[in-house]
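Source file: entry-v6.cif. Holds: mmCIF, C-alpha atoms and all ligand atoms.
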data_input
loop_
_atom_site.label_atom_id
_atom_site.label_comp_id
_atom_site.auth_asym_id
_atom_site.auth_seq_id
_atom_site.Cartn_x
_atom_site.Cartn_y
_atom_site.Cartn_z
CA MET P 1 21.27 -7.57 1.76
CA LYS P 2 20.51 -9.36 -1.54
CA LYS P 3 17.42 -8.69 -3.67
CA ASP P 4 16.25 -12.27 -3.01
CA ASP P 5 16.11 -11.57 0.75
CA VAL P 6 13.58 -8.73 0.33
CA GLN P 7 9.91 -9.57 0.82
CA ILE P 8 6.84 -8.01 -0.76
CA GLY P 9 4.12 -6.87 1.62
CA LEU P 10 0.68 -5.35 1.03
CA ILE P 11 -0.49 -2.71 3.47
CA VAL P 12 -4.20 -1.92 3.32
CA ALA P 13 -7.15 -0.69 5.37
CA CYS P 14 -10.56 -2.14 4.52
CA SER P 15 -14.01 -2.05 6.05
CA GLU P 16 -15.97 -5.12 7.14
CA ASN P 17 -17.59 -5.17 3.68
CA GLY P 18 -14.23 -4.89 1.89
CA VAL P 19 -14.34 -1.20 0.93
CA ILE P 20 -11.00 0.64 0.66
CA GLY P 21 -11.87 3.78 -1.31
CA ARG P 22 -14.62 6.21 -2.17
CA ASP P 23 -14.60 8.96 -4.82
CA GLY P 24 -10.82 8.75 -5.16
CA ASP P 25 -10.18 9.07 -1.45
CA LEU P 26 -10.28 7.02 1.74
CA PRO P 27 -13.80 6.55 3.19
CA TRP P 28 -12.61 7.40 6.74
CA ARG P 29 -10.19 9.47 8.78
CA LEU P 30 -8.33 7.28 11.26
CA PRO P 31 -5.26 9.22 12.43
CA ASP P 32 -3.73 6.35 14.41
CA ASP P 33 -4.03 4.01 11.44
CA LEU P 34 -2.36 6.64 9.28
CA LYS P 35 0.44 6.81 11.85
CA HIS P 36 0.78 3.02 11.68
CA PHE P 37 1.00 3.24 7.86
CA MET P 38 3.61 6.00 8.00
CA ARG P 39 5.68 4.17 10.63
CA SER P 40 5.55 0.85 8.77
CA THR P 41 6.55 2.23 5.37
CA LYS P 42 9.19 4.77 6.44
CA GLY P 43 12.59 3.95 4.96
CA HIS P 44 11.20 1.53 2.36
CA ALA P 45 10.23 1.47 -1.28
CA VAL P 46 6.45 1.96 -1.57
CA ILE P 47 4.63 0.90 -4.72
CA MET P 48 1.35 2.59 -5.60
CA GLY P 49 -0.97 3.06 -8.55
CA ARG P 50 -1.19 6.39 -10.32
CA LYS P 51 -4.64 7.15 -8.85
CA THR P 52 -3.44 6.57 -5.29
CA PHE P 53 -0.35 8.71 -5.94
CA GLU P 54 -2.63 11.53 -7.09
CA THR P 55 -4.57 11.40 -3.78
CA LEU P 56 -1.40 12.24 -1.84
CA GLU P 57 -1.36 15.93 -2.75
CA MET P 58 2.41 15.71 -2.46
CA PRO P 59 4.17 16.16 -5.81
CA ARG P 60 7.30 14.47 -4.46
CA GLY P 61 5.34 11.61 -2.85
CA LEU P 62 5.64 10.38 0.73
CA GLY P 63 8.80 11.71 2.34
CA GLY P 64 11.57 9.39 3.52
CA ARG P 65 10.48 6.66 1.09
CA LEU P 66 11.10 5.67 -2.51
CA ASN P 67 7.67 6.16 -4.10
CA VAL P 68 7.34 3.85 -7.10
CA VAL P 69 4.29 4.95 -9.07
CA VAL P 70 2.83 2.45 -11.55
CA SER P 71 1.36 4.21 -14.56
CA SER P 72 1.18 3.96 -18.33
CA SER P 73 0.29 7.65 -18.64
CA LEU P 74 2.06 9.70 -15.97
CA SER P 75 4.93 11.80 -17.22
CA ILE P 76 6.79 13.30 -14.33
CA GLU P 77 10.51 13.48 -14.09
CA ASP P 78 11.99 10.82 -11.85
CA GLY P 79 13.57 12.50 -8.86
CA ILE P 80 15.61 10.67 -6.27
CA ASP P 81 17.63 12.55 -3.67
CA GLY P 82 21.00 11.61 -2.24
CA ASP P 83 19.40 9.37 0.42
CA GLY P 84 17.48 7.38 -2.22
CA TRP P 85 14.08 9.00 -1.49
CA GLY P 86 11.73 10.52 -4.04
CA VAL P 87 9.49 9.39 -6.91
CA VAL P 88 10.05 7.09 -9.86
CA VAL P 89 7.48 6.00 -12.43
CA ALA P 90 7.25 2.35 -13.52
CA ARG P 91 5.36 1.31 -16.65
CA SER P 92 4.28 -2.06 -15.24
CA LEU P 93 3.89 -3.74 -11.87
CA GLU P 94 6.80 -6.06 -12.72
CA GLU P 95 9.05 -3.05 -13.34
CA ALA P 96 7.85 -1.43 -10.08
CA ILE P 97 8.64 -4.58 -8.10
CA LYS P 98 12.10 -4.84 -9.67
CA ILE P 99 12.85 -1.21 -8.75
CA GLY P 100 11.44 -1.74 -5.24
CA LEU P 101 13.39 -4.94 -4.57
CA GLU P 102 16.67 -3.37 -5.71
CA ALA P 103 16.06 -0.25 -3.63
CA ASP P 104 15.14 -2.15 -0.46
CA ALA P 105 18.16 -4.43 -0.85
CA ARG P 106 20.36 -1.33 -1.15
CA LEU P 107 18.60 0.31 1.84
CA GLN P 108 18.78 -2.91 3.91
CA ALA P 109 15.04 -2.39 4.36
CA GLY P 110 13.86 -5.98 3.80
CA MET P 111 10.28 -5.26 2.75
CA VAL P 112 8.85 -3.53 -0.31
CA TRP P 113 5.39 -2.22 0.53
CA VAL P 114 2.52 -2.26 -1.93
CA ALA P 115 0.21 0.55 -0.84
CA GLY P 116 -2.72 0.32 -3.24
CA GLY P 117 -5.10 1.09 -4.58
CA GLY P 118 -7.54 -1.57 -5.64
CA GLU P 119 -6.11 -2.27 -9.09
CA ILE P 120 -2.58 -2.60 -7.78
CA TYR P 121 -3.54 -4.81 -4.81
CA ARG P 122 -5.39 -7.18 -7.16
CA GLN P 123 -2.31 -7.59 -9.35
CA ALA P 124 0.21 -7.78 -6.49
CA ILE P 125 -1.50 -10.15 -4.04
CA GLY P 126 -0.14 -13.19 -5.90
CA VAL P 127 3.49 -12.20 -5.27
CA ALA P 128 3.06 -10.92 -1.70
CA GLY P 129 4.32 -12.95 1.26
CA VAL P 130 2.92 -10.60 3.90
CA VAL P 131 -0.29 -8.58 4.25
CA VAL P 132 -0.76 -5.96 6.93
CA ARG P 133 -4.50 -5.36 6.95
CA THR P 134 -6.34 -2.83 9.04
CA ARG P 135 -9.84 -4.17 9.46
CA VAL P 136 -12.01 -1.09 9.98
CA HIS P 137 -15.04 -2.09 12.02
CA CYS P 138 -17.74 -0.43 9.95
CA GLU P 139 -19.77 -1.11 6.82
CA ALA P 140 -18.52 1.62 4.48
CA ARG P 141 -19.98 2.94 1.25
CA GLY P 142 -17.41 2.99 -1.52
CA ASP P 143 -16.35 2.16 -5.04
CA VAL P 144 -13.00 0.37 -4.60
CA TYR P 145 -12.66 -2.97 -2.81
CA PHE P 146 -10.02 -5.32 -1.37
CA GLU P 147 -10.75 -9.02 -1.80
CA GLU P 148 -11.32 -11.27 1.23
CA LEU P 149 -8.16 -13.31 1.82
CA ASP P 150 -8.39 -17.09 1.66
CA ALA P 151 -7.92 -18.46 5.21
CA LEU P 152 -6.36 -21.59 3.69
CA GLU P 153 -3.60 -19.43 2.20
CA TRP P 154 -3.15 -16.75 4.87
CA VAL P 155 -2.68 -16.91 8.61
CA ILE P 156 -3.02 -14.02 11.06
CA GLU P 157 0.21 -14.04 13.05
CA ARG P 158 -0.62 -11.17 15.39
CA TYR P 159 -3.07 -8.32 15.74
CA GLU P 160 -3.64 -5.10 17.66
CA GLU P 161 -7.03 -3.64 18.44
CA HIS P 162 -7.90 0.04 18.50
CA GLU P 163 -11.13 1.18 20.16
CA ILE P 164 -13.48 3.93 19.02
CA ASP P 165 -12.54 7.22 20.68
CA GLU P 166 -13.01 10.94 20.19
CA ARG P 167 -10.57 10.95 17.22
CA HIS P 168 -11.73 7.68 15.62
CA SER P 169 -15.35 7.21 14.58
CA CYS P 170 -14.75 3.47 13.96
CA GLY P 171 -12.73 0.96 15.91
CA PHE P 172 -10.17 -1.04 13.96
CA THR P 173 -7.86 -4.03 14.23
CA VAL P 174 -4.44 -4.15 12.60
CA GLU P 175 -3.70 -7.71 11.49
CA TRP P 176 -0.31 -9.05 10.38
CA LEU P 177 -0.86 -11.95 7.98
CA ALA P 178 1.69 -14.30 6.43
CA ARG P 179 1.24 -16.63 3.50
CA ARG P 180 1.12 -20.23 4.71
CA GLY P 181 4.31 -22.13 3.82
N1 LIG P 201 -7.78 1.88 2.20
C1 LIG P 201 -6.57 1.73 1.70
O1 LIG P 201 -5.71 1.08 2.31
C2 LIG P 201 -6.21 2.39 0.40
C3 LIG P 201 -4.88 2.40 -0.04
C4 LIG P 201 -4.59 3.00 -1.26
C5 LIG P 201 -5.60 3.57 -2.01
N2 LIG P 201 -6.87 3.54 -1.56
C6 LIG P 201 -7.98 4.10 -2.34
O2 LIG P 201 -8.08 3.35 -3.55
C7 LIG P 201 -8.59 4.22 -4.58
C8 LIG P 201 -7.66 4.15 -5.76
O3 LIG P 201 -7.58 2.81 -6.24
P1 LIG P 201 -7.83 2.44 -7.79
O4 LIG P 201 -7.97 0.97 -7.92
O5 LIG P 201 -8.93 3.30 -8.31
O6 LIG P 201 -6.49 2.98 -8.50
P2 LIG P 201 -4.92 2.66 -8.25
O7 LIG P 201 -4.73 1.19 -8.14
O8 LIG P 201 -4.39 3.55 -7.20
O9 LIG P 201 -4.31 3.21 -9.62
C9 LIG P 201 -4.76 2.69 -10.85
C10 LIG P 201 -3.84 3.20 -11.94
O10 LIG P 201 -2.55 2.57 -11.81
C11 LIG P 201 -2.01 2.34 -13.08
N3 LIG P 201 -1.83 0.92 -13.28
C12 LIG P 201 -2.46 -0.12 -12.65
N4 LIG P 201 -1.97 -1.29 -13.08
C13 LIG P 201 -1.02 -1.00 -13.99
C14 LIG P 201 -0.15 -1.77 -14.80
N5 LIG P 201 -0.12 -3.13 -14.69
N6 LIG P 201 0.71 -1.16 -15.65
C15 LIG P 201 0.73 0.20 -15.73
N7 LIG P 201 -0.07 1.01 -14.99
C16 LIG P 201 -0.94 0.41 -14.15
C17 LIG P 201 -2.98 2.92 -14.08
O11 LIG P 201 -2.56 4.27 -14.26
P3 LIG P 201 -2.62 5.00 -15.72
O12 LIG P 201 -4.07 5.20 -15.96
O13 LIG P 201 -1.85 6.26 -15.52
O14 LIG P 201 -1.99 4.03 -16.69
C18 LIG P 201 -4.29 2.87 -13.36
O15 LIG P 201 -5.25 3.80 -13.82
C19 LIG P 201 -8.72 5.59 -3.97
O16 LIG P 201 -10.05 5.78 -3.51
C20 LIG P 201 -7.77 5.54 -2.79
O17 LIG P 201 -8.11 6.45 -1.76
C21 LIG P 201 -7.19 2.96 -0.37
#
Let's see the structure in the file written out as structure tokens.
Ligand SMILES: NC(=O)c1ccc[n+]([C@@H]2O[C@H](COP(=O)([O-])OP(=O)(O)OC[C@H]3O[C@@H](n4cnc5c(N)ncnc54)[C@H](OP(=O)(O)O)[C@@H]3O)[C@@H](O)[C@H]2O)c1
Amino acid sequence: MKKDDVQIGLIVACSENGVIGRDGDLPWRLPDDLKHFMRSTKGHAVIMGRKTFETLEMPRGLGGRLNVVVSSSLSIEDGIDGDGWGVVVARSLEEAIKIGLEADARLQAGMVWVAGGGEIYRQAIGVAGVVVRTRVHCEARGDVYFEELDALEWVIERYEEHEIDERHSCGFTVEWLARRG
């Protein structure tokens, strides 16, 4: 696979009022949405901001992925194992995307995922061709937001609904959006 064949996708969960984060964490616990995130990103390069990386509580990042952390301050040693998984630090979003595209081409993965947080989504939305958005059906309190997507630019191609149940205090809908051609 060539670098030019790899797409850039944003994967995000936001409330009805656009909240994605609170006090440096997620405002909710939705185990099935987390499963969806883990399944979607496994085997890919995943770009994230330094603050999001620090919420992971995993010094080596998400397993089975190339974690590309965007930061001007973080000084950790890059560490990539024999399968291409681990953590690398990029000093700009452009550098992170370049690393991600090359890795996904090498891995035949086809999609570099941008996994937040707010600062990184705002900078990356312009280069993304795909957004996978979990719309959490609640009005959440928070301090980090994801912008409403312009319906003239983005089309929902499919969606899956998840009801409230004993493990999920809010219902949610996972939406797969593509940029209009
Ligand atoms: N609901 C969701 O789907 C979701 C997903 C991810 C995160 N979140 C939430 O979002 C919140 C974190 O988001 P956030 O906006 O505060 O932070 P963030 O985007 O995760 O990280 C911001 C940091 O990234 C680095 N950075 C950003 N742009 C850069 C650039 N162009 N060049 C170099 N470094 C750059 C900077 O790190 P340095 O200061 O080190 O330079 C900056 O402080 C948390 O609450 C988290 O739980 C939610």
Figure out the distance between CA of Gly181 (chain P) and CA of Glu161 (chain P), please, to one decimal in Å.
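Separation between CA of Glu161 (chain P) and CA of Gly181 (chain P): 26.2 Å.
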Nearest residue to Val46 (chain P) out of P:Asp32, P:Glu94, P:Asp4, P:Asp104, using only C-alpha atoms?
P:Asp104
Write as number ranges by chain the residues around ligand LIG 201 (chain P), taking 7 Å as the cut-off and counting only C-alpha atoms and all ligand atoms.
P: 11-14, 20-26, 48-53, 55, 70-74, 91-93, 115-121, 144
Just checking: using all atoms listed in the file, which residue out of P:Glu157, P:Leu107, P:Arg179, P:Val131 ends up closest to Lys42 (chain P)?
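Residue with the minimum atom-to-atom distance to Lys42 (chain P): P:Leu107.
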Separation of CA of Ile8 (chain P) and CA of Leu66 (chain P), in Å?
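Computed distance, CA of Ile8 (chain P) to CA of Leu66 (chain P), equals 14.4 Å.
Across the model, the gap from CA of Ala140 (chain P) to CA of Leu10 (chain P) is 20.7 Å.
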List as number ranges by chain the protein and nucleic acid residues near Leu30 (chain P), meaning an atom at most 12 Å away when only C-alpha atoms are counted, but skip any in the same chain fewer than 6 places from it.
P: 13-14, 36-37, 134-137, 162-173
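Residue nearest Pro27 (chain P), chosen from P:Tyr159, P:Glu139, P:Val174, P:Ala124 and counting all atoms listed in the file: P:Glu139.
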Counting only C-alpha atoms, what is within 9 Å of Leu177 (chain P), bar same-chain residues fewer than 4 positions away, as a VMD selection string?
chain P and resid 129 to 133 154 to 159
Using all atoms listed in the file, give me every residue within 10 Å of (11.6, 3.4, 3.8) in file coordinates, as a count of residues only.
26
Pick the closest to Gly126 (chain P) from P:Gly9, P:Asp78, P:Lys35, P:Glu160: which is it, counting all atoms listed in the file?
P:Gly9
Because the input lacks atoms here, generate N, CA and C atoms for region 8-31 of chain P and report them as a short mmCIF file (atom, residue, chain, number, x, y, z; two decimals), in the coordinates of the input.
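selection.cif written:
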data_model
loop_
_atom_site.label_atom_id
_atom_site.label_comp_id
_atom_site.auth_asym_id
_atom_site.auth_seq_id
_atom_site.Cartn_x
_atom_site.Cartn_y
_atom_site.Cartn_z
N ILE P 8 7.85 -8.95 -0.27
CA ILE P 8 6.84 -8.01 -0.76
C ILE P 8 5.64 -8.09 0.18
N GLY P 9 5.25 -6.93 0.69
CA GLY P 9 4.12 -6.87 1.62
C GLY P 9 3.05 -5.92 1.11
N LEU P 10 1.78 -6.27 1.32
CA LEU P 10 0.68 -5.35 1.03
C LEU P 10 0.26 -4.69 2.32
N ILE P 11 0.01 -3.40 2.28
CA ILE P 11 -0.49 -2.71 3.47
C ILE P 11 -1.78 -2.01 3.05
N VAL P 12 -2.86 -2.31 3.77
CA VAL P 12 -4.20 -1.92 3.32
C VAL P 12 -5.10 -1.70 4.53
N ALA P 13 -6.09 -0.82 4.36
CA ALA P 13 -7.15 -0.69 5.37
C ALA P 13 -8.47 -0.93 4.67
N CYS P 14 -9.27 -1.87 5.17
CA CYS P 14 -10.56 -2.14 4.52
C CYS P 14 -11.65 -2.31 5.56
N SER P 15 -12.86 -1.96 5.15
CA SER P 15 -14.01 -2.05 6.05
C SER P 15 -14.46 -3.51 6.14
N GLU P 16 -15.44 -3.75 7.00
CA GLU P 16 -15.97 -5.12 7.14
C GLU P 16 -16.53 -5.64 5.82
N ASN P 17 -17.06 -4.73 4.98
CA ASN P 17 -17.59 -5.17 3.68
C ASN P 17 -16.58 -4.96 2.55
N GLY P 18 -15.29 -4.84 2.90
CA GLY P 18 -14.23 -4.89 1.89
C GLY P 18 -13.92 -3.59 1.18
N VAL P 19 -14.58 -2.48 1.61
CA VAL P 19 -14.34 -1.20 0.93
C VAL P 19 -12.99 -0.61 1.35
N ILE P 20 -12.26 -0.06 0.33
CA ILE P 20 -11.00 0.64 0.66
C ILE P 20 -11.00 2.09 0.17
N GLY P 21 -11.90 2.43 -0.76
CA GLY P 21 -11.87 3.78 -1.31
C GLY P 21 -13.24 4.27 -1.72
N ARG P 22 -13.36 5.59 -1.71
CA ARG P 22 -14.62 6.21 -2.17
C ARG P 22 -14.30 7.54 -2.85
N ASP P 23 -14.80 7.70 -4.07
CA ASP P 23 -14.60 8.96 -4.82
C ASP P 23 -13.13 9.39 -4.83
N GLY P 24 -12.25 8.43 -5.05
CA GLY P 24 -10.82 8.75 -5.16
C GLY P 24 -10.16 9.12 -3.86
N ASP P 25 -10.77 8.74 -2.75
CA ASP P 25 -10.18 9.07 -1.45
C ASP P 25 -10.46 7.91 -0.49
N LEU P 26 -9.95 8.02 0.72
CA LEU P 26 -10.28 7.02 1.74
C LEU P 26 -11.67 7.32 2.29
N PRO P 27 -12.45 6.30 2.67
CA PRO P 27 -13.80 6.55 3.19
C PRO P 27 -13.80 7.01 4.64
N TRP P 28 -12.66 7.08 5.29
CA TRP P 28 -12.61 7.40 6.74
C TRP P 28 -11.37 8.22 7.05
N ARG P 29 -11.39 8.80 8.24
CA ARG P 29 -10.19 9.47 8.78
C ARG P 29 -9.84 8.77 10.08
N LEU P 30 -8.75 8.03 10.07
CA LEU P 30 -8.33 7.28 11.26
C LEU P 30 -6.86 7.63 11.53
N PRO P 31 -6.63 8.71 12.29
CA PRO P 31 -5.26 9.22 12.43
C PRO P 31 -4.27 8.19 12.97
#
